[in-house]
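One structure is given here, and the rest of the page talks about it.
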Amino acid sequence: MKVLVFTHHYPSIRLPTMAPYSYHTYRALARRCELRLVAPTPWWTRARAAPRELLGGARESHTGIDALFPTYWSIPGLPRLHARAIHASLRGAMAGLRREFPYDVILAAWAYPDTVAAEAFAREAGVPIVTTVLGSDINEQPRDAVLRAQIAPALQRCARVVAVSGALGERLVELGVPRERVVVQLNAVDGARFSIRDRAAPRQRLGLPADAKVVLYAGYHVPEKGVDVLVEAMAHLGPGRRDVHLMMVGGGELLEPLRERVRALGLGDRARLFGWALPAEIPDYMAACDVFCLPSRREGCPNVVLEALASGRPVVATRVGGVPELVREGQGGNGILVPAGDPGALGSALSRALDMAWDPEALRGSVGALSWDVVGDRYHALLEEVLGERRGAG
């Protein structure tokens, strides 16, 4: 079986922290079939980072997958045009790739613009398409009527649509995708990299007090992730909680405003914003913390929650998207859930979680035995099933 993956959600040499879950999924699948990947890249991103590649794009294989990063030409700030622009810009490259690598099926990810463009390429090539939706591409993008008019028909024409949480699966049905074509597949976790470790050594490397209570956030610093709420929650921890330290790893548009807010709140070195870290460094941060916090306003199936639990750390998170499918409260639970956008509730939950006695082995056990190899097997079986149906229909 020859599979063409079509998504911008894939790490490159210039964006090594991009979508590690996609990397693990496609690497696992590539061990079971022949696989190539196309990651469309907007010209304005390339003009800033690699102007010499504007016309030809880039080809990389350092991840173990032959990946093309072709340039597409659209208008920044007008996302409603992006899917058509990708299709028009990449038709020549896709035709050449089809001759070089006569793929049997397209596996896309991210509803818009990726899946909308990929579905058009699949129709032109006469092959089926399976796609994966990940979160805000289904929770937010279809709120725009023009985007919805492109997204819904494309998803309805897919042979299968994989949702990374049950909540996203229900949103797909609302968009008109037949329920029998919706497949729920949770993300996985690398249990070898994320394991129960002592806090002392990583805390020393990161310059954290050995006796502090440490909260960690890792991810994008953007409004939908609720990172602003987390910083405000540090002022709602209750009297005498100067023992609590906050680590924030990642970057985005809110990174510098959050640093200003940390200074305004007088948090000093009790709130440290580290900026971006490579995926290989995240296990150290997980090992150094006592509680992981994900304060998102919207979510799909957040991989960082699985990584924290596999590391034996409890999770305080918001009750949004697929998070309640991962975080369970009460006796035998693995964390605490709070409403989104409420610093007081979040601060109170963090204080409680930091004072509770958690069993690291039980927390790790709550992740289950789901590995990336299992995910690769399931995607492979799904694609084989789709191709079998196509052959039967022919």
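Just remember, in the structure tokens the first chain shown is A, the second B, etc., residues are 1-based per chain, and ligands are 1-based in the order shown.
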Report as a tab-separated table the residues of stretch 136-204 of chain A within 12 Å of stretch 218-238 of chain A, each with its shortest atom pair and distance in Å (one decimal), using only C-alpha atoms, ordered by chain and increasing residue number.
residue	atom	partner	partner_atom	distance
A:Ser136	CA	A:Glu224	CA	8.9
A:Asn139	CA	A:Glu224	CA	11.2
A:Glu140	CA	A:Glu224	CA	10.2
Would you list the contacts of A:Val244 as a PDB file with N, CA and C atoms, in the first residue's frame, taking every protein, DNA or RNA residue within 12 Å and counting only C-alpha atoms, but skipping same-chain residues closer than 5 positions in sequence?
ATOM      1  N   LEU A 208      15.354  25.040  39.690  1.00  0.00           N
ATOM      2  CA  LEU A 208      14.159  25.114  40.527  1.00  0.00           C
ATOM      3  C   LEU A 208      14.484  24.687  41.953  1.00  0.00           C
ATOM      4  N   PRO A 209      13.849  25.305  42.943  1.00  0.00           N
ATOM      5  CA  PRO A 209      14.083  24.882  44.331  1.00  0.00           C
ATOM      6  C   PRO A 209      13.667  23.428  44.539  1.00  0.00           C
ATOM      7  N   ALA A 210      14.470  22.704  45.257  1.00  0.00           N
ATOM      8  CA  ALA A 210      14.200  21.272  45.467  1.00  0.00           C
ATOM      9  C   ALA A 210      12.909  21.046  46.233  1.00  0.00           C
ATOM     10  N   ASP A 211      12.535  21.989  47.142  1.00  0.00           N
ATOM     11  CA  ASP A 211      11.367  21.778  47.991  1.00  0.00           C
ATOM     12  C   ASP A 211      10.133  22.537  47.518  1.00  0.00           C
ATOM     13  N   ALA A 212      10.179  23.131  46.336  1.00  0.00           N
ATOM     14  CA  ALA A 212       9.038  23.900  45.837  1.00  0.00           C
ATOM     15  C   ALA A 212       7.926  22.968  45.359  1.00  0.00           C
ATOM     16  N   LYS A 213       6.706  23.506  45.300  1.00  0.00           N
ATOM     17  CA  LYS A 213       5.586  22.848  44.640  1.00  0.00           C
ATOM     18  C   LYS A 213       5.520  23.443  43.233  1.00  0.00           C
ATOM     19  N   VAL A 214       5.699  22.603  42.220  1.00  0.00           N
ATOM     20  CA  VAL A 214       5.891  23.109  40.861  1.00  0.00           C
ATOM     21  C   VAL A 214       4.736  22.708  39.950  1.00  0.00           C
ATOM     22  N   VAL A 215       4.169  23.720  39.285  1.00  0.00           N
ATOM     23  CA  VAL A 215       3.127  23.532  38.275  1.00  0.00           C
ATOM     24  C   VAL A 215       3.752  23.747  36.902  1.00  0.00           C
ATOM     25  N   LEU A 216       3.424  22.894  35.950  1.00  0.00           N
ATOM     26  CA  LEU A 216       3.978  23.000  34.605  1.00  0.00           C
ATOM     27  C   LEU A 216       2.867  23.184  33.580  1.00  0.00           C
ATOM     28  N   ALA A 233      -4.205  32.792  37.718  1.00  0.00           N
ATOM     29  CA  ALA A 233      -4.521  31.836  38.793  1.00  0.00           C
ATOM     30  C   ALA A 233      -3.446  31.810  39.862  1.00  0.00           C
ATOM     31  N   MET A 234      -2.223  32.196  39.514  1.00  0.00           N
ATOM     32  CA  MET A 234      -1.154  32.238  40.512  1.00  0.00           C
ATOM     33  C   MET A 234      -1.474  33.225  41.631  1.00  0.00           C
ATOM     34  N   ALA A 235      -2.343  34.199  41.349  1.00  0.00           N
ATOM     35  CA  ALA A 235      -2.757  35.152  42.385  1.00  0.00           C
ATOM     36  C   ALA A 235      -3.962  34.645  43.173  1.00  0.00           C
ATOM     37  N   HIS A 236      -4.473  33.445  42.828  1.00  0.00           N
ATOM     38  CA  HIS A 236      -5.657  32.893  43.489  1.00  0.00           C
ATOM     39  C   HIS A 236      -5.338  31.569  44.178  1.00  0.00           C
ATOM     40  N   LEU A 237      -4.106  31.378  44.545  1.00  0.00           N
ATOM     41  CA  LEU A 237      -3.712  30.109  45.164  1.00  0.00           C
ATOM     42  C   LEU A 237      -4.035  30.059  46.649  1.00  0.00           C
ATOM     43  N   GLY A 238      -4.359  31.205  47.215  1.00  0.00           N
ATOM     44  CA  GLY A 238      -4.646  31.247  48.644  1.00  0.00           C
ATOM     45  C   GLY A 238      -3.479  31.822  49.409  1.00  0.00           C
ATOM     46  N   PRO A 239      -3.741  32.265  50.644  1.00  0.00           N
ATOM     47  CA  PRO A 239      -2.688  32.902  51.455  1.00  0.00           C
ATOM     48  C   PRO A 239      -1.554  31.921  51.775  1.00  0.00           C
ATOM     49  N   LEU A 267       5.203  38.282  40.737  1.00  0.00           N
ATOM     50  CA  LEU A 267       5.482  36.866  40.962  1.00  0.00           C
ATOM     51  C   LEU A 267       6.978  36.559  40.997  1.00  0.00           C
ATOM     52  N   GLY A 268       7.773  37.483  40.496  1.00  0.00           N
ATOM     53  CA  GLY A 268       9.226  37.287  40.551  1.00  0.00           C
ATOM     54  C   GLY A 268       9.643  36.009  39.871  1.00  0.00           C
ATOM     55  N   ASP A 269      10.560  35.276  40.515  1.00  0.00           N
ATOM     56  CA  ASP A 269      11.055  34.046  39.902  1.00  0.00           C
ATOM     57  C   ASP A 269      10.173  32.848  40.207  1.00  0.00           C
ATOM     58  N   ARG A 270       8.983  33.097  40.822  1.00  0.00           N
ATOM     59  CA  ARG A 270       8.053  31.982  41.060  1.00  0.00           C
ATOM     60  C   ARG A 270       7.248  31.631  39.805  1.00  0.00           C
ATOM     61  N   ALA A 271       7.356  32.428  38.756  1.00  0.00           N
ATOM     62  CA  ALA A 271       6.726  32.111  37.473  1.00  0.00           C
ATOM     63  C   ALA A 271       7.764  32.309  36.385  1.00  0.00           C
ATOM     64  N   ARG A 272       8.206  31.226  35.786  1.00  0.00           N
ATOM     65  CA  ARG A 272       9.274  31.293  34.789  1.00  0.00           C
ATOM     66  C   ARG A 272       8.751  30.840  33.436  1.00  0.00           C
ATOM     67  N   CYS A 289       8.100  18.621  37.552  1.00  0.00           N
ATOM     68  CA  CYS A 289       6.897  19.237  38.125  1.00  0.00           C
ATOM     69  C   CYS A 289       6.194  18.307  39.114  1.00  0.00           C
ATOM     70  N   ASP A 290       5.266  18.899  39.875  1.00  0.00           N
ATOM     71  CA  ASP A 290       4.375  18.134  40.758  1.00  0.00           C
ATOM     72  C   ASP A 290       3.002  17.950  40.136  1.00  0.00           C
ATOM     73  N   VAL A 291       2.559  18.967  39.380  1.00  0.00           N
ATOM     74  CA  VAL A 291       1.242  18.954  38.747  1.00  0.00           C
ATOM     75  C   VAL A 291       1.380  19.555  37.362  1.00  0.00           C
ATOM     76  N   GLY A 347      -6.993  28.359  40.312  1.00  0.00           N
ATOM     77  CA  GLY A 347      -6.058  28.492  41.426  1.00  0.00           C
ATOM     78  C   GLY A 347      -6.413  27.572  42.577  1.00  0.00           C
ATOM     79  N   LEU A 350      -5.516  23.970  41.622  1.00  0.00           N
ATOM     80  CA  LEU A 350      -4.072  23.733  41.683  1.00  0.00           C
ATOM     81  C   LEU A 350      -3.607  23.555  43.119  1.00  0.00           C
ATOM     82  N   SER A 351      -4.129  24.392  44.041  1.00  0.00           N
ATOM     83  CA  SER A 351      -3.758  24.248  45.453  1.00  0.00           C
ATOM     84  C   SER A 351      -4.151  22.877  45.985  1.00  0.00           C
ATOM     85  N   ARG A 352      -5.360  22.438  45.648  1.00  0.00           N
ATOM     86  CA  ARG A 352      -5.820  21.119  46.119  1.00  0.00           C
ATOM     87  C   ARG A 352      -4.971  20.005  45.533  1.00  0.00           C
ATOM     88  N   ALA A 353      -4.687  20.101  44.236  1.00  0.00           N
ATOM     89  CA  ALA A 353      -3.903  19.038  43.592  1.00  0.00           C
ATOM     90  C   ALA A 353      -2.496  18.960  44.171  1.00  0.00           C
ATOM     91  N   LEU A 354      -1.912  20.115  44.465  1.00  0.00           N
ATOM     92  CA  LEU A 354      -0.553  20.132  45.012  1.00  0.00           C
ATOM     93  C   LEU A 354      -0.499  19.557  46.425  1.00  0.00           C
ATOM     94  N   ASP A 355      -1.611  19.620  47.155  1.00  0.00           N
ATOM     95  CA  ASP A 355      -1.640  19.129  48.534  1.00  0.00           C
ATOM     96  C   ASP A 355      -2.116  17.683  48.651  1.00  0.00           C
TER      97      ASP A 355
END
Quick one: residues within 8 Å of A:Val367, only C-alpha atoms counted, chain neighbours fewer than 5 positions away excluded, as a PDB file with C-alpha atoms, in the first residue's frame?
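Heads up, here's the output in result_33.pdb:
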ATOM      1  CA  LEU A 306      -1.138  11.753  28.217  1.00  0.00           C
ATOM      2  CA  LEU A 309       0.068  11.026  33.230  1.00  0.00           C
ATOM      3  CA  ALA A 310       2.638   8.637  31.755  1.00  0.00           C
ATOM      4  CA  LEU A 326      -8.617  11.656  29.576  1.00  0.00           C
TER       5      LEU A 326
END
Selected residue of minimal separation from A:Leu337 among A:Arg123, A:Pro302, A:Asp377, A:Leu294, counting only C-alpha atoms =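 Of all the options, A:Leu294 lies closest to A:Leu337.
Between atom CA of A:Arg319 and atom CA of A:Tyr217 lies a distance of 16.3 Å.
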Fewer than 6 positions away in the same chain doesn't count, so skip those; otherwise give me all residues within 9 Å of A:Tyr21, counting only C-alpha atoms, as a PyMOL selection string.
-> chain A and resi 10+187-189+303+372
Please produce an output containing C-alpha atoms for each residue in the selection, written as a PDB file, in the first residue's frame.
ATOM      1  CA  TYR A  10       4.439  18.059  10.567  1.00  0.00           C
ATOM      2  CA  ASN A 187      -3.595   9.979  20.548  1.00  0.00           C
ATOM      3  CA  ALA A 188      -0.901   7.839  22.130  1.00  0.00           C
ATOM      4  CA  VAL A 189       2.130   8.413  24.308  1.00  0.00           C
ATOM      5  CA  ASN A 303      -1.107  14.803  23.950  1.00  0.00           C
ATOM      6  CA  TRP A 372       2.174   4.894  18.814  1.00  0.00           C
TER       7      TRP A 372
END
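Distances to A:Met1 were evaluated for A:Leu134, A:Val105, A:Ile65, A:Ala50 using only C-alpha atoms, and the minimum falls at A:Val105.
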So, counting only C-alpha atoms, which residue among A:Val375, A:Val3, A:Leu382, A:Ala28 is closest to A:Val182?
->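 Distance minimum relative to A:Val182 lands on A:Leu382.
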If you take only C-alpha atoms and a cut-off of 12 Å, which residues of stretch 112-176 of chain A touch stretch 83-88 of chain A, and what are their nearest atom pairs and distances in Å to one decimal, in chain and number order, as a Markdown table?
| residue | atom | partner | partner_atom | distance |
| --- | --- | --- | --- | --- |
| A:Tyr112 | CA | A:Ala83 | CA | 6.9 |
| A:Pro113 | CA | A:Ala83 | CA | 4.5 |
| A:Asp114 | CA | A:Ala83 | CA | 6.8 |
| A:Thr115 | CA | A:Ala83 | CA | 8.3 |
| A:Val116 | CA | A:Ala83 | CA | 6.0 |
| A:Ala117 | CA | A:Ala83 | CA | 5.1 |
| A:Ala118 | CA | A:His87 | CA | 7.8 |
| A:Glu119 | CA | A:His87 | CA | 9.7 |
| A:Ala120 | CA | A:His87 | CA | 7.4 |
| A:Phe121 | CA | A:His87 | CA | 7.4 |
| A:Ala122 | CA | A:His87 | CA | 11.0 |
| A:Arg123 | CA | A:His87 | CA | 11.9 |
| A:Glu124 | CA | A:His87 | CA | 10.9 |
| A:Val146 | CA | A:Ala83 | CA | 11.8 |
| A:Leu147 | CA | A:Ala83 | CA | 9.6 |
| A:Gln150 | CA | A:Ala83 | CA | 8.6 |
| A:Ile151 | CA | A:Ala83 | CA | 9.7 |
| A:Ala154 | CA | A:Ala83 | CA | 11.0 |
Keeping only N, CA and C atoms, take the residues you just selected and write them out as an mmCIF file, in the first residue's frame.
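Produced file again00.cif, reproduced below:
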data_model
loop_
_atom_site.group_PDB
_atom_site.id
_atom_site.type_symbol
_atom_site.label_atom_id
_atom_site.label_comp_id
_atom_site.auth_asym_id
_atom_site.auth_seq_id
_atom_site.Cartn_x
_atom_site.Cartn_y
_atom_site.Cartn_z
ATOM 1 N N TYR A 112 -9.195 22.410 7.571
ATOM 2 C CA TYR A 112 -9.045 23.502 6.614
ATOM 3 C C TYR A 112 -7.738 24.238 6.866
ATOM 4 N N PRO A 113 -6.975 24.496 5.818
ATOM 5 C CA PRO A 113 -7.268 24.237 4.402
ATOM 6 C C PRO A 113 -6.826 22.861 3.900
ATOM 7 N N ASP A 114 -6.138 22.085 4.751
ATOM 8 C CA ASP A 114 -5.484 20.868 4.288
ATOM 9 C C ASP A 114 -6.448 19.851 3.679
ATOM 10 N N THR A 115 -7.477 19.464 4.453
ATOM 11 C CA THR A 115 -8.383 18.426 3.960
ATOM 12 C C THR A 115 -9.177 18.895 2.760
ATOM 13 N N VAL A 116 -9.611 20.150 2.759
ATOM 14 C CA VAL A 116 -10.387 20.661 1.628
ATOM 15 C C VAL A 116 -9.566 20.585 0.345
ATOM 16 N N ALA A 117 -8.289 20.986 0.410
ATOM 17 C CA ALA A 117 -7.426 20.892 -0.770
ATOM 18 C C ALA A 117 -7.120 19.439 -1.114
ATOM 19 N N ALA A 118 -6.806 18.631 -0.107
ATOM 20 C CA ALA A 118 -6.440 17.231 -0.348
ATOM 21 C C ALA A 118 -7.600 16.448 -0.952
ATOM 22 N N GLU A 119 -8.823 16.768 -0.548
ATOM 23 C CA GLU A 119 -9.987 16.050 -1.087
ATOM 24 C C GLU A 119 -10.126 16.317 -2.583
ATOM 25 N N ALA A 120 -9.825 17.541 -3.009
ATOM 26 C CA ALA A 120 -9.861 17.851 -4.444
ATOM 27 C C ALA A 120 -8.784 17.069 -5.189
ATOM 28 N N PHE A 121 -7.593 16.984 -4.617
ATOM 29 C CA PHE A 121 -6.516 16.200 -5.243
ATOM 30 C C PHE A 121 -6.899 14.720 -5.313
ATOM 31 N N ALA A 122 -7.558 14.207 -4.279
ATOM 32 C CA ALA A 122 -7.960 12.800 -4.270
ATOM 33 C C ALA A 122 -8.963 12.508 -5.379
ATOM 34 N N ARG A 123 -9.925 13.415 -5.572
ATOM 35 C CA ARG A 123 -10.904 13.225 -6.648
ATOM 36 C C ARG A 123 -10.230 13.227 -8.006
ATOM 37 N N GLU A 124 -9.286 14.136 -8.185
ATOM 38 C CA GLU A 124 -8.579 14.205 -9.473
ATOM 39 C C GLU A 124 -7.741 12.956 -9.723
ATOM 40 N N VAL A 146 -18.426 30.846 5.504
ATOM 41 C CA VAL A 146 -17.733 30.582 4.245
ATOM 42 C C VAL A 146 -16.803 29.377 4.386
ATOM 43 N N LEU A 147 -16.102 29.278 5.518
ATOM 44 C CA LEU A 147 -15.247 28.114 5.746
ATOM 45 C C LEU A 147 -16.088 26.855 5.910
ATOM 46 N N GLN A 150 -17.038 25.151 2.821
ATOM 47 C CA GLN A 150 -15.973 24.379 2.179
ATOM 48 C C GLN A 150 -15.645 23.120 2.979
ATOM 49 N N ILE A 151 -15.632 23.244 4.312
ATOM 50 C CA ILE A 151 -15.210 22.146 5.175
ATOM 51 C C ILE A 151 -16.215 21.004 5.162
ATOM 52 N N ALA A 154 -16.364 18.695 2.005
ATOM 53 C CA ALA A 154 -15.124 17.924 1.855
ATOM 54 C C ALA A 154 -15.080 16.766 2.849
#
Measuring atom to atom with only C-alpha atoms, identify which of A:Leu278, A:Val130, A:Leu81, A:Ala30 is nearest to A:Gly64.
->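 Once distances to A:Gly64 are computed over only C-alpha atoms, the minimum belongs to A:Ala30.
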Strand (DSSP E or B) call set, DSSP backbone run, stretch 27-138 of chain A, as a ChimeraX atom specification = /A:34-38,41-42,58-60,66-69,71-72,105-109,129-133
Emit the selected residues as a tab-separated table (two decimals), in the first residue's frame, including N, CA and C atoms.
chain	number	residue	atom	x	y	z
A	34	GLU	N	4.40	1.93	2.34
A	34	GLU	CA	5.20	2.97	1.68
A	34	GLU	C	4.48	4.30	1.91
A	35	LEU	N	5.24	5.32	2.32
A	35	LEU	CA	4.60	6.57	2.71
A	35	LEU	C	5.43	7.77	2.27
A	36	ARG	N	4.79	8.74	1.69
A	36	ARG	CA	5.37	10.05	1.40
A	36	ARG	C	4.49	11.11	2.07
A	37	LEU	N	5.05	12.29	2.25
A	37	LEU	CA	4.30	13.35	2.93
A	37	LEU	C	4.45	14.67	2.20
A	38	VAL	N	3.35	15.40	2.09
A	38	VAL	CA	3.34	16.74	1.52
A	38	VAL	C	2.82	17.70	2.59
A	41	THR	N	3.16	24.89	2.49
A	41	THR	CA	3.72	25.98	3.29
A	41	THR	C	3.38	27.32	2.64
A	42	PRO	N	2.78	28.27	3.37
A	42	PRO	CA	2.42	29.57	2.77
A	42	PRO	C	3.66	30.39	2.42
A	58	ALA	N	10.89	22.85	-0.36
A	58	ALA	CA	11.97	22.09	0.28
A	58	ALA	C	11.60	20.62	0.33
A	59	ARG	N	12.62	19.78	0.37
A	59	ARG	CA	12.42	18.34	0.54
A	59	ARG	C	13.32	17.88	1.67
A	60	GLU	N	12.75	17.17	2.63
A	60	GLU	CA	13.50	16.74	3.80
A	60	GLU	C	13.25	15.26	4.07
A	66	ASP	N	10.13	10.74	3.69
A	66	ASP	CA	10.37	11.62	2.54
A	66	ASP	C	9.26	12.66	2.52
A	67	ALA	N	9.60	13.90	2.88
A	67	ALA	CA	8.59	14.94	3.05
A	67	ALA	C	8.88	16.12	2.13
A	68	LEU	N	7.84	16.56	1.39
A	68	LEU	CA	7.92	17.74	0.55
A	68	LEU	C	7.23	18.90	1.27
A	69	PHE	N	7.83	20.07	1.19
A	69	PHE	CA	7.26	21.28	1.78
A	69	PHE	C	7.10	22.33	0.68
A	71	THR	N	5.65	25.43	-1.64
A	71	THR	CA	5.09	26.75	-1.36
A	71	THR	C	3.71	26.90	-2.01
A	72	TYR	N	2.76	27.47	-1.28
A	72	TYR	CA	1.51	27.86	-1.94
A	72	TYR	C	1.33	29.36	-1.82
A	105	VAL	N	-3.96	5.94	-1.70
A	105	VAL	CA	-4.90	6.64	-0.82
A	105	VAL	C	-4.20	7.88	-0.27
A	106	ILE	N	-4.99	8.93	-0.01
A	106	ILE	CA	-4.47	10.12	0.66
A	106	ILE	C	-4.94	10.09	2.11
A	107	LEU	N	-4.02	10.33	3.03
A	107	LEU	CA	-4.32	10.50	4.45
A	107	LEU	C	-4.02	11.95	4.80
A	108	ALA	N	-5.05	12.74	5.06
A	108	ALA	CA	-4.88	14.15	5.38
A	108	ALA	C	-5.06	14.37	6.88
A	109	ALA	N	-4.73	15.57	7.31
A	109	ALA	CA	-4.99	15.98	8.70
A	109	ALA	C	-5.19	17.49	8.72
A	129	ILE	N	-9.86	9.21	0.14
A	129	ILE	CA	-9.18	10.03	1.13
A	129	ILE	C	-9.74	9.74	2.52
A	130	VAL	N	-8.83	9.65	3.47
A	130	VAL	CA	-9.15	9.55	4.90
A	130	VAL	C	-8.50	10.76	5.55
A	131	THR	N	-9.20	11.40	6.48
A	131	THR	CA	-8.59	12.55	7.13
A	131	THR	C	-8.76	12.49	8.64
A	132	THR	N	-7.96	13.29	9.33
A	132	THR	CA	-7.99	13.37	10.78
A	132	THR	C	-8.27	14.80	11.19
A	133	VAL	N	-9.19	14.98	12.13
A	133	VAL	CA	-9.44	16.32	12.69
A	133	VAL	C	-8.91	16.34	14.12
Interatomic distance between atom CA of A:Glu325 and atom CA of A:Ser165?
-> 7.5 Å
Kindly give the distance, in Å, that separates atom CA of A:Phe292 and atom CA of A:Ile196, rounded to a single decimal.
-> 13.7 Å
Residues within 10 Å of A:Ala95, please, as a CSV table (one decimal) with N, CA and C atoms, in the first residue's frame. Count only C-alpha atoms; anything in the same chain fewer than 4 positions from it doesn't count.
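Resulting contents of around.csv:
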chain,number,residue,atom,x,y,z
A,90,LEU,N,-0.4,23.9,-6.1
A,90,LEU,CA,0.3,22.6,-6.0
A,90,LEU,C,-0.1,21.6,-7.1
A,91,ARG,N,-0.9,22.0,-8.0
A,91,ARG,CA,-1.4,21.0,-9.0
A,91,ARG,C,-0.2,20.4,-9.8
A,99,ARG,N,3.0,10.7,-10.6
A,99,ARG,CA,3.8,9.9,-11.5
A,99,ARG,C,4.9,9.2,-10.8
A,100,GLU,N,5.6,9.9,-9.9
A,100,GLU,CA,6.8,9.3,-9.2
A,100,GLU,C,6.3,8.3,-8.2
A,101,PHE,N,5.2,8.5,-7.5
A,101,PHE,CA,4.8,7.7,-6.4
A,101,PHE,C,3.3,7.5,-6.5
A,102,PRO,N,2.9,6.5,-7.3
A,102,PRO,CA,1.4,6.3,-7.6
A,102,PRO,C,0.7,5.8,-6.3
A,121,PHE,N,-7.6,17.0,-4.6
A,121,PHE,CA,-6.5,16.2,-5.2
A,121,PHE,C,-6.9,14.7,-5.3
A,124,GLU,N,-9.3,14.1,-8.2
A,124,GLU,CA,-8.6,14.2,-9.5
A,124,GLU,C,-7.7,13.0,-9.7
A,125,ALA,N,-7.2,12.4,-8.7
A,125,ALA,CA,-6.3,11.2,-8.8
A,125,ALA,C,-7.2,9.9,-8.8
